[in-house]
$ cat final24.txt   # compact mmCIF, C-alpha atoms
# COMPACT_ATOMS: atom_id res chain seq x y z
CA MET B 1103 -3.85 -19.99 9.00
CA LEU B 1104 -3.35 -21.14 5.43
CA THR B 1105 -6.90 -22.48 5.51
CA ALA B 1106 -8.01 -19.00 6.54
CA VAL B 1107 -6.02 -17.55 3.64
CA SER B 1108 -7.82 -19.91 1.24
CA LEU B 1109 -11.16 -18.81 2.68
CA ALA B 1110 -10.21 -15.13 2.30
CA ARG B 1111 -9.51 -15.66 -1.40
CA ARG B 1112 -13.17 -16.54 -1.90
CA GLY B 1113 -13.82 -12.83 -1.49
CA LEU B 1114 -11.27 -11.94 -4.17
CA PHE B 1115 -13.89 -10.52 -6.54
CA THR B 1116 -16.50 -9.31 -4.08
CA ALA B 1117 -15.08 -8.04 -0.76
CA HIS B 1118 -13.84 -4.63 -1.97
CA PRO B 1119 -13.69 -1.93 -0.83
CA ASN B 1120 -13.21 -3.95 2.36
CA PRO B 1121 -10.20 -6.25 2.75
CA ARG B 1122 -10.34 -9.95 1.93
CA VAL B 1123 -10.30 -11.77 5.25
CA GLY B 1124 -10.67 -15.41 6.26
CA CYS B 1125 -11.18 -16.93 9.70
CA VAL B 1126 -11.04 -20.44 11.21
CA LEU B 1127 -12.09 -21.44 14.74
CA VAL B 1128 -10.42 -24.47 16.33
CA LYS B 1129 -11.36 -26.25 19.56
CA ASP B 1130 -10.07 -29.56 20.89
CA ASP B 1131 -7.99 -29.93 17.70
CA GLN B 1132 -11.12 -29.75 15.55
CA VAL B 1133 -12.23 -26.99 13.19
CA ILE B 1134 -15.61 -25.83 14.49
CA GLY B 1135 -16.18 -22.75 12.34
CA ARG B 1136 -15.09 -21.20 9.05
CA GLY B 1137 -15.87 -17.81 7.60
CA TRP B 1138 -14.79 -15.19 5.11
CA HIS B 1139 -15.89 -11.69 4.20
CA LYS B 1140 -18.14 -12.04 1.18
CA ARG B 1141 -19.24 -8.49 0.46
CA ALA B 1142 -19.27 -5.02 2.01
CA GLY B 1143 -22.25 -4.72 4.35
CA LEU B 1144 -22.33 -8.45 5.11
CA GLY B 1145 -20.74 -10.11 8.12
CA HIS B 1146 -16.97 -10.02 8.49
CA ALA B 1147 -14.98 -13.24 8.51
CA GLU B 1148 -14.93 -13.59 12.31
CA VAL B 1149 -18.69 -13.15 12.65
CA GLU B 1150 -19.29 -15.61 9.81
CA ALA B 1151 -17.01 -18.17 11.50
CA LEU B 1152 -18.84 -17.76 14.80
CA ALA B 1153 -22.17 -18.24 13.01
CA ASP B 1154 -20.77 -21.33 11.30
CA CYS B 1155 -20.22 -22.89 14.74
CA GLN B 1156 -24.00 -22.97 15.17
CA VAL B 1157 -24.50 -24.49 11.73
CA ASN B 1158 -22.00 -27.23 12.51
CA GLY B 1159 -23.85 -28.98 15.33
CA SER B 1160 -24.15 -25.94 17.59
CA ALA B 1161 -20.46 -26.06 18.54
CA ASN B 1162 -19.61 -23.70 21.38
CA PRO B 1163 -16.79 -21.25 20.50
CA ARG B 1164 -16.02 -20.55 24.19
CA GLY B 1165 -12.36 -21.45 24.77
CA ALA B 1166 -11.63 -21.80 21.04
CA THR B 1167 -8.58 -20.54 19.16
CA VAL B 1168 -9.25 -18.07 16.36
CA TYR B 1169 -7.05 -17.97 13.24
CA VAL B 1170 -7.78 -14.81 11.25
CA THR B 1171 -5.82 -13.32 8.35
CA MET B 1172 -6.20 -9.69 9.51
CA GLU B 1173 -6.54 -7.99 12.87
CA PRO B 1174 -10.22 -7.97 13.92
CA CYS B 1175 -11.94 -4.62 13.41
CA SER B 1176 -12.77 -2.54 16.46
CA ILE B 1177 -14.92 0.20 14.93
CA HIS B 1178 -18.63 0.61 14.22
CA ALA B 1179 -19.13 0.88 10.44
CA LYS B 1180 -21.70 -0.98 8.33
CA THR B 1181 -21.35 -3.86 10.80
CA PRO B 1182 -20.50 -3.97 14.54
CA PRO B 1183 -16.90 -4.53 15.70
CA CYS B 1184 -15.60 -8.07 15.32
CA SER B 1185 -13.44 -7.65 18.43
CA ASP B 1186 -16.59 -7.23 20.52
CA ALA B 1187 -18.14 -10.36 18.98
CA LEU B 1188 -15.05 -12.45 19.74
CA ILE B 1189 -14.92 -11.22 23.34
CA ARG B 1190 -18.61 -12.02 23.84
CA ALA B 1191 -18.07 -15.48 22.37
CA GLY B 1192 -15.43 -16.21 25.01
CA VAL B 1193 -12.60 -17.34 22.72
CA SER B 1194 -9.33 -17.94 24.54
CA LYS B 1195 -6.69 -17.24 21.90
CA ILE B 1196 -6.42 -15.29 18.64
CA VAL B 1197 -3.72 -15.88 16.02
CA ILE B 1198 -3.52 -12.97 13.56
CA GLY B 1199 -1.84 -12.94 10.16
CA SER B 1200 -1.47 -9.21 9.51
CA SER B 1201 -2.32 -5.95 11.20
CA ASP B 1202 -5.15 -3.76 9.93
CA PRO B 1203 -3.65 -0.70 8.17
CA ASN B 1204 -6.77 1.36 8.90
CA PRO B 1205 -5.55 3.86 11.53
CA LYS B 1206 -8.97 3.77 13.17
CA VAL B 1207 -8.58 0.07 14.00
CA ASP B 1208 -6.66 -0.94 17.12
CA SER B 1209 -8.15 -4.06 18.67
CA LEU B 1210 -5.10 -5.88 20.01
CA GLN B 1211 -5.02 -4.21 23.42
CA GLN B 1212 -8.80 -4.50 23.75
CA LEU B 1213 -8.56 -8.24 23.15
CA ARG B 1214 -5.68 -8.63 25.63
CA ASP B 1215 -7.55 -6.60 28.24
CA ALA B 1216 -10.41 -9.06 27.87
CA GLY B 1217 -8.05 -11.90 28.83
CA ILE B 1218 -7.57 -13.25 25.31
CA GLU B 1219 -4.11 -14.51 24.33
CA VAL B 1220 -3.05 -12.68 21.16
CA HIS B 1221 -0.36 -13.77 18.65
CA THR B 1222 0.50 -11.77 15.52
CA GLY B 1223 2.47 -12.31 12.31
CA CYS B 1224 1.46 -15.91 11.53
CA GLU B 1225 1.95 -16.55 7.77
CA GLU B 1226 2.17 -12.77 7.45
CA ASP B 1227 3.41 -12.67 3.84
CA ALA B 1228 0.52 -14.82 2.61
CA CYS B 1229 -1.95 -12.69 4.55
CA LEU B 1230 -0.50 -9.40 3.31
CA ALA B 1231 -0.65 -10.68 -0.28
CA LEU B 1232 -4.43 -10.92 -0.01
CA ASN B 1233 -4.89 -7.14 0.16
CA PRO B 1234 -2.19 -5.11 -1.61
CA GLY B 1235 -4.78 -2.52 -2.65
CA PHE B 1236 -6.33 -2.07 0.78
CA PHE B 1237 -2.90 -1.56 2.35
CA SER B 1238 -1.91 0.83 -0.44
CA ARG B 1239 -5.06 2.92 -0.03
CA MET B 1240 -4.69 3.13 3.74
CA GLN B 1241 -0.93 3.71 3.88
CA ARG B 1242 -0.14 5.62 0.64
CA ASN B 1243 -3.48 7.30 -0.09
CA ARG B 1244 -3.66 5.68 -3.52
CA PRO B 1245 -4.74 2.33 -4.95
CA TRP B 1246 -2.46 -0.52 -5.98
CA VAL B 1247 -1.78 -0.05 -9.71
CA ARG B 1248 -1.47 -3.08 -11.96
CA VAL B 1249 -0.65 -2.45 -15.64
CA LYS B 1250 -1.67 -5.15 -18.09
CA MET B 1251 0.06 -5.35 -21.48
CA ALA B 1252 0.21 -7.93 -24.26
CA MET B 1253 3.12 -8.13 -26.66
CA SER B 1254 4.85 -10.20 -29.31
CA LEU B 1255 8.26 -11.78 -28.80
CA ASP B 1256 9.85 -8.65 -30.24
CA GLY B 1257 8.07 -6.39 -27.76
CA ARG B 1258 5.35 -5.06 -30.06
CA THR B 1259 1.71 -4.43 -29.18
CA ALA B 1260 0.15 -3.73 -32.60
CA LEU B 1261 1.00 -3.48 -36.24
CA ALA B 1262 2.11 -0.11 -37.59
CA ASN B 1263 -1.46 0.52 -38.80
CA GLY B 1264 -2.82 -0.01 -35.29
CA VAL B 1265 -4.28 -3.51 -35.77
CA SER B 1266 -3.81 -5.49 -32.56
CA GLN B 1267 -6.53 -8.19 -32.55
CA TRP B 1268 -5.33 -10.61 -31.55
CA ILE B 1269 -1.71 -10.83 -30.46
CA THR B 1270 -2.38 -13.31 -27.68
CA SER B 1271 -4.57 -16.41 -27.52
CA GLU B 1272 -8.15 -16.78 -26.33
CA ALA B 1273 -6.85 -18.51 -23.20
CA ALA B 1274 -4.75 -15.45 -22.32
CA ARG B 1275 -7.66 -13.11 -22.96
CA GLU B 1276 -9.89 -15.16 -20.67
CA ASP B 1277 -7.20 -15.01 -17.99
CA VAL B 1278 -7.19 -11.22 -18.25
CA GLN B 1279 -10.90 -11.20 -17.37
CA LEU B 1280 -10.13 -12.70 -13.96
CA TRP B 1281 -7.61 -9.94 -13.26
CA ARG B 1282 -10.15 -7.32 -14.33
CA ALA B 1283 -12.74 -8.84 -12.03
CA GLN B 1284 -10.58 -8.74 -8.91
CA SER B 1285 -9.95 -5.01 -9.41
CA ASP B 1286 -12.20 -2.22 -8.17
CA CYS B 1287 -11.42 -0.03 -11.18
CA ILE B 1288 -10.24 -0.33 -14.78
CA LEU B 1289 -8.21 2.65 -15.96
CA THR B 1290 -7.66 3.52 -19.61
CA GLY B 1291 -6.70 6.54 -21.69
CA ILE B 1292 -8.61 8.50 -24.27
CA GLY B 1293 -6.27 7.19 -26.99
CA THR B 1294 -7.47 3.64 -26.38
CA VAL B 1295 -11.11 4.79 -26.34
CA LEU B 1296 -10.73 6.69 -29.63
CA ASP B 1297 -8.69 4.02 -31.40
CA ASP B 1298 -10.44 0.83 -30.27
CA ASP B 1299 -13.82 1.89 -28.82
CA PRO B 1300 -13.60 -0.99 -26.30
CA GLN B 1301 -16.16 -1.94 -23.65
CA LEU B 1302 -13.55 -2.85 -21.00
CA THR B 1303 -15.97 -4.97 -19.00
CA VAL B 1304 -15.63 -8.26 -17.15
CA ARG B 1305 -16.93 -10.83 -19.59
CA VAL B 1306 -16.43 -14.18 -17.87
CA SER B 1307 -19.48 -16.37 -17.33
CA ASP B 1308 -20.88 -16.99 -13.86
CA ALA B 1309 -20.00 -20.65 -14.33
CA VAL B 1310 -16.30 -19.77 -14.54
CA PHE B 1311 -16.45 -17.72 -11.36
CA GLN B 1312 -18.35 -20.47 -9.56
CA GLN B 1313 -15.62 -22.87 -10.66
CA TYR B 1314 -13.16 -20.73 -8.70
CA GLY B 1315 -15.56 -20.43 -5.78
CA PHE B 1316 -15.65 -16.65 -6.08
CA GLY B 1317 -19.39 -16.12 -6.55
CA GLU B 1318 -21.16 -13.17 -8.17
CA VAL B 1319 -19.07 -10.32 -9.55
CA LYS B 1320 -19.77 -6.60 -9.87
CA GLN B 1321 -18.46 -4.65 -12.86
CA PRO B 1322 -15.50 -2.47 -11.81
CA LEU B 1323 -15.62 1.30 -12.06
CA LEU B 1324 -14.15 2.53 -15.36
CA ALA B 1325 -11.84 5.56 -15.20
CA ILE B 1326 -10.69 7.40 -18.35
CA ALA B 1327 -7.75 9.83 -18.46
CA ASP B 1328 -8.82 12.41 -21.05
CA SER B 1329 -7.08 15.78 -20.67
CA LYS B 1330 -9.01 17.49 -23.52
CA LEU B 1331 -12.35 15.84 -22.70
CA GLN B 1332 -12.80 14.12 -26.04
CA THR B 1333 -14.97 11.38 -24.51
CA THR B 1334 -18.61 11.33 -25.60
CA ALA B 1335 -21.54 9.25 -24.38
CA GLN B 1336 -21.62 7.41 -27.74
CA PHE B 1337 -18.57 5.27 -26.94
CA LYS B 1338 -19.10 1.62 -25.98
CA VAL B 1339 -17.63 2.18 -22.51
CA PHE B 1340 -21.02 3.65 -21.54
CA ASN B 1341 -22.98 0.59 -22.71
CA ALA B 1342 -22.27 -1.51 -19.62
CA ALA B 1343 -24.15 -1.39 -16.32
CA ARG B 1344 -21.31 0.19 -14.34
CA ASP B 1345 -20.07 3.61 -13.25
CA VAL B 1346 -17.70 5.63 -15.46
CA VAL B 1347 -15.62 8.61 -14.38
CA VAL B 1348 -13.61 10.78 -16.78
CA TYR B 1349 -10.59 12.74 -15.54
CA SER B 1350 -9.89 15.85 -17.59
CA ALA B 1351 -8.28 19.27 -17.52
CA ALA B 1352 -11.19 20.70 -19.50
CA GLU B 1353 -14.29 22.06 -17.81
CA LYS B 1354 -17.45 21.15 -19.69
CA LYS B 1355 -20.88 19.92 -18.65
CA MET B 1356 -21.27 16.32 -19.80
CA PRO B 1357 -23.91 13.60 -19.26
CA PHE B 1358 -21.45 11.56 -17.19
CA ASP B 1359 -19.15 12.02 -14.20
CA VAL B 1360 -16.23 14.33 -15.01
CA VAL B 1361 -13.52 15.23 -12.50
CA THR B 1362 -11.54 18.32 -13.52
CA LEU B 1363 -7.88 18.32 -12.53
CA SER B 1364 -5.21 20.92 -13.30
CA CYS B 1365 -2.89 19.69 -16.04
CA ASP B 1366 0.69 18.82 -15.23
CA SER B 1367 3.66 20.36 -17.06
CA ASP B 1368 3.21 18.21 -20.18
CA GLY B 1369 -0.47 19.08 -20.54
CA ARG B 1370 -1.76 15.73 -19.32
CA VAL B 1371 -4.00 14.76 -16.44
CA PRO B 1372 -1.90 14.54 -13.23
CA LEU B 1373 -1.87 10.83 -12.54
CA ARG B 1374 -1.08 10.99 -8.84
CA ALA B 1375 -4.06 13.30 -8.28
CA LEU B 1376 -6.22 10.93 -10.35
CA LEU B 1377 -5.21 7.99 -8.16
CA GLU B 1378 -5.78 9.98 -4.98
CA ASP B 1379 -9.31 10.74 -6.14
CA LEU B 1380 -9.88 7.03 -6.78
CA ALA B 1381 -8.65 6.32 -3.24
CA ARG B 1382 -11.27 8.76 -1.94
CA ARG B 1383 -13.81 6.64 -3.83
CA GLU B 1384 -12.55 3.61 -1.84
CA ILE B 1385 -10.83 2.02 -4.83
CA ASN B 1386 -8.23 -0.53 -3.70
CA GLU B 1387 -6.89 -2.02 -6.94
CA VAL B 1388 -6.63 -0.32 -10.33
CA HIS B 1389 -6.24 -2.50 -13.41
CA VAL B 1390 -4.74 -0.45 -16.26
CA GLU B 1391 -5.46 -1.36 -19.87
CA ALA B 1392 -4.17 1.51 -21.94
CA GLY B 1393 -1.76 2.48 -24.66
CA ALA B 1394 1.99 3.02 -24.67
CA THR B 1395 1.75 6.68 -23.64
CA LEU B 1396 -0.39 6.41 -20.49
CA CYS B 1397 1.41 3.27 -19.33
CA ALA B 1398 4.79 4.92 -19.83
CA SER B 1399 3.61 7.99 -17.91
CA LEU B 1400 2.59 5.79 -14.97
CA ILE B 1401 6.01 4.12 -15.00
CA LYS B 1402 7.90 7.43 -15.23
CA ALA B 1403 5.84 8.77 -12.31
CA GLN B 1404 6.73 5.62 -10.33
CA LEU B 1405 3.04 4.82 -9.87
CA VAL B 1406 3.09 1.25 -11.21
CA ASP B 1407 3.09 -1.43 -8.52
CA GLU B 1408 2.77 -4.48 -10.74
CA LEU B 1409 3.16 -5.29 -14.43
CA LEU B 1410 0.98 -8.06 -15.86
CA LEU B 1411 2.60 -8.98 -19.17
CA TYR B 1412 1.34 -11.52 -21.71
CA ILE B 1413 3.93 -12.64 -24.26
CA ALA B 1414 2.76 -14.31 -27.46
CA PRO B 1415 5.10 -16.59 -29.47
CA ASN B 1416 5.05 -14.44 -32.61
CA LEU B 1417 6.91 -11.55 -34.24
CA LEU B 1418 5.34 -8.33 -35.53
CA GLY B 1419 8.41 -6.59 -36.97
CA ALA B 1420 10.44 -3.47 -36.33
CA ASP B 1421 7.81 -1.06 -37.70
CA ALA B 1422 5.10 -2.33 -35.31
CA ARG B 1423 4.10 -0.32 -32.23
CA SER B 1424 6.25 -0.60 -29.12
CA LEU B 1425 5.13 -1.62 -25.64
CA PHE B 1426 5.86 1.66 -23.83
CA ALA B 1427 6.42 5.20 -25.12
CA LEU B 1428 9.72 5.51 -23.28
CA SER B 1429 12.63 7.28 -24.95
CA GLY B 1430 15.58 9.55 -24.40
CA PHE B 1431 17.66 7.19 -22.27
CA THR B 1432 21.39 7.85 -22.71
CA GLU B 1433 22.75 5.87 -19.76
CA MET B 1434 22.03 2.32 -18.63
CA ALA B 1435 21.44 3.74 -15.15
CA GLU B 1436 18.29 5.42 -16.51
CA ARG B 1437 16.61 2.13 -17.42
CA CYS B 1438 13.43 1.00 -15.67
CA GLU B 1439 14.12 -2.20 -13.77
CA PHE B 1440 11.60 -4.84 -12.70
CA GLU B 1441 11.75 -8.05 -10.68
CA PHE B 1442 10.08 -11.28 -11.77
CA VAL B 1443 7.32 -12.38 -9.39
CA ASP B 1444 5.64 -15.16 -11.37
CA VAL B 1445 5.87 -16.80 -14.79
CA LYS B 1446 3.16 -19.13 -16.06
CA GLN B 1447 2.17 -20.55 -19.44
CA ILE B 1448 -1.41 -19.68 -20.40
CA GLY B 1449 -2.35 -21.62 -23.53
CA PRO B 1450 0.48 -20.95 -26.04
CA ASP B 1451 1.42 -17.66 -24.32
CA LEU B 1452 3.44 -16.73 -21.26
CA ARG B 1453 2.00 -14.65 -18.43
CA VAL B 1454 4.70 -12.78 -16.54
CA VAL B 1455 4.06 -10.82 -13.35
CA LEU B 1456 6.73 -8.26 -12.48
CA ARG B 1457 7.16 -5.56 -9.88
CA PRO B 1458 9.28 -2.43 -10.27
CA SER B 1459 12.43 -2.05 -8.24
CA TYR B 1460 12.20 1.72 -7.81
CA GLU B 1461 12.36 2.60 -4.15
CA SER B 1462 8.96 4.31 -3.79
CA ALA B 1463 7.06 1.28 -5.11

$ encode --input "final24.txt" --output "structure tokens"
Amino acid sequence: MLTAVSLARRGLFTAHPNPRVGCVLVKDDQVIGRGWHKRAGLGHAEVEALADCQVNGSANPRGATVYVTMEPCSIHAKTPPCSDALIRAGVSKIVIGSSDPNPKVDSLQQLRDAGIEVHTGCEEDACLALNPGFFSRMQRNRPWVRVKMAMSLDGRTALANGVSQWITSEAAREDVQLWRAQSDCILTGIGTVLDDDPQLTVRVSDAVFQQYGFGEVKQPLLAIADSKLQTTAQFKVFNAARDVVVYSAAEKKMPFDVVTLSCDSDGRVPLRALLEDLARREINEVHVEAGATLCASLIKAQLVDELLLYIAPNLLGADARSLFALSGFTEMAERCEFEFVDVKQIGPDLRVVLRPSYESA
């Protein structure tokens, strides 16, 4: 199963909006087929593994054991059901890592009725970790939200005059590109667009992606939270070959996609409604690169699932800009608590992955 997990990760940058799935076929203690889902519209992992049997000396999958990271699909979509393909192939046993959260999929009984032995929950945590966004979209009607921030040792993101290039090292900035690439959408705020005029694209060479075995990468959708609709087509975010959607409370005809949402009580774009619209667009993972205000609003609304924090070994001083625009706490019980998931040194910097401990996350 862990081999299937490794295969699934090859679709890290390309499988969305479908889940990342890997599959291994074993017969007579030998692997006879491997497959993973490469891209929406192409064969699913199980079909690819069955096809690989023919490539590898025309091995016959009849009687084989299937190890697959997610429950085989049982619905007709862009491709036929994988459950039907496995039944036709005559496999004898299927070992499944995680269920499919899509309520339309229910293949387990179909497989059992066909005489196939079915086992579930093998290396479930590793299999679930492949697709946090797909599960979030299916079960919570919103994408998985990952907020990326970079700060100095004293928790500052920019000098008082707004200068922020560069707090972290080139190695850290290259690492960020990989996180951008595995997301379906990059979300920013109008403040970042006005202040920095960034492109917010994936800018890692094909050679780097090939090094990871991830293949070709599509630019993620860019979403901008802009309550007053201050965005114009002259900003650099429109220079890249990718889709851009602006969420605003203002109604105005613009030469780009604008979704009008009713403002919340503080006059800002309602973030939960924004994320629900992204879910309708089949967005699984949202990578947030924004300023202290939008990021704090996501935290206060309990909409942050993961915090990706880069810490540089330098000090910017007390008058520099803070990480989050959070204030007004009078009791320690009001603090926002996170749990450490991973800590790794990237060049001279530290990359810390944290997840919030609020109940709804």

$ residues_around --input "final24.txt" --residues "Val1319 (chain B)" --least-positions-apart "2" --cutoff "10 Å" --atoms "all atoms listed in the file" --output "JSON, numbers by chain"
{"B": [1113, 1114, 1115, 1116, 1117, 1283, 1284, 1304, 1306, 1307, 1308, 1311, 1316, 1317, 1321, 1322]}

$ residues_around --input "final24.txt" --residues "region 1104-1111 of chain B" --least-positions-apart "4" --cutoff "8 Å" --atoms "only C-alpha atoms" --output "number ranges by chain"
B: 1122-1126, 1136-1139, 1169-1171, 1225, 1228-1229, 1232, 1316

$ closest_residue --input "final24.txt" --among "B:Pro1450, B:Pro1205, B:Gly1199, B:Gly1165" --to "Met1240 (chain B)" --atoms "all atoms listed in the file"
B:Pro1205

$ closest_residue --input "final24.txt" --among "B:Ala1142, B:Val1207, B:Cys1287, B:Ile1448" --to "Gly1235 (chain B)" --atoms "all atoms listed in the file"
B:Cys1287

$ residues_around --input "final24.txt" --residues "His1221 (chain B)" --least-positions-apart "6" --cutoff "8 Å" --atoms "only C-alpha atoms" --output "PyMOL selection string"
chain B and resi 1195-1198

$ closest_residue --input "final24.txt" --among "B:Leu1289, B:Cys1397, B:Val1454, B:Ala1422" --to "Gln1301 (chain B)" --atoms "only C-alpha atoms"
B:Leu1289

$ residues_around --input "final24.txt" --residues "Lys1402 (chain B)" --least-positions-apart "4" --cutoff "10 Å" --atoms "only C-alpha atoms" --output "count of residues only"
6

$ closest_residue --input "final24.txt" --among "B:Thr1290, B:Leu1331, B:Lys1355, B:Asp1277" --to "Arg1305 (chain B)" --atoms "only C-alpha atoms"
B:Asp1277

$ atom_distance --input "final24.txt" --atom1 "CA of Thr1270 (chain B)" --atom2 "CA of Val1295 (chain B)"
20.1 Å

$ atom_distance --input "final24.txt" --atom1 "CA of Arg1370 (chain B)" --atom2 "CA of Thr1303 (chain B)"
25.1 Å

$ residues_around --input "final24.txt" --residues "Val1388 (chain B)" --least-positions-apart "5" --cutoff "9 Å" --atoms "only C-alpha atoms" --output "PyMOL selection string"
chain B and resi 1235+1245-1249+1282+1285-1289+1377+1380

$ atom_distance --input "final24.txt" --atom1 "CA of Met1172 (chain B)" --atom2 "CA of Arg1374 (chain B)"
28.1 Å

$ closest_residue --input "final24.txt" --among "B:Asp1208, B:Glu1276, B:Glu1441, B:Glu1384" --to "Asp1407 (chain B)" --atoms "only C-alpha atoms"
B:Glu1441

$ closest_residue --input "final24.txt" --among "B:Ala1392, B:Ala1343, B:Glu1378, B:His1178" --to "Ala1327 (chain B)" --atoms "all atoms listed in the file"
B:Ala1392

$ residues_near_point --input "final24.txt" --point "(0.5, -20.7, -22.1)" --cutoff "12 Å" --atoms "all atoms listed in the file" --output "list in words"
Thr1270, Ser1271, Glu1272, Ala1273, Ala1274, Arg1275, Glu1276, Asp1277, Tyr1412, Ile1413, Ala1414, Pro1415, Val1445, Lys1446, Gln1447, Ile1448, Gly1449, Pro1450, Asp1451, Leu1452, Arg1453 and Val1454 of chain B
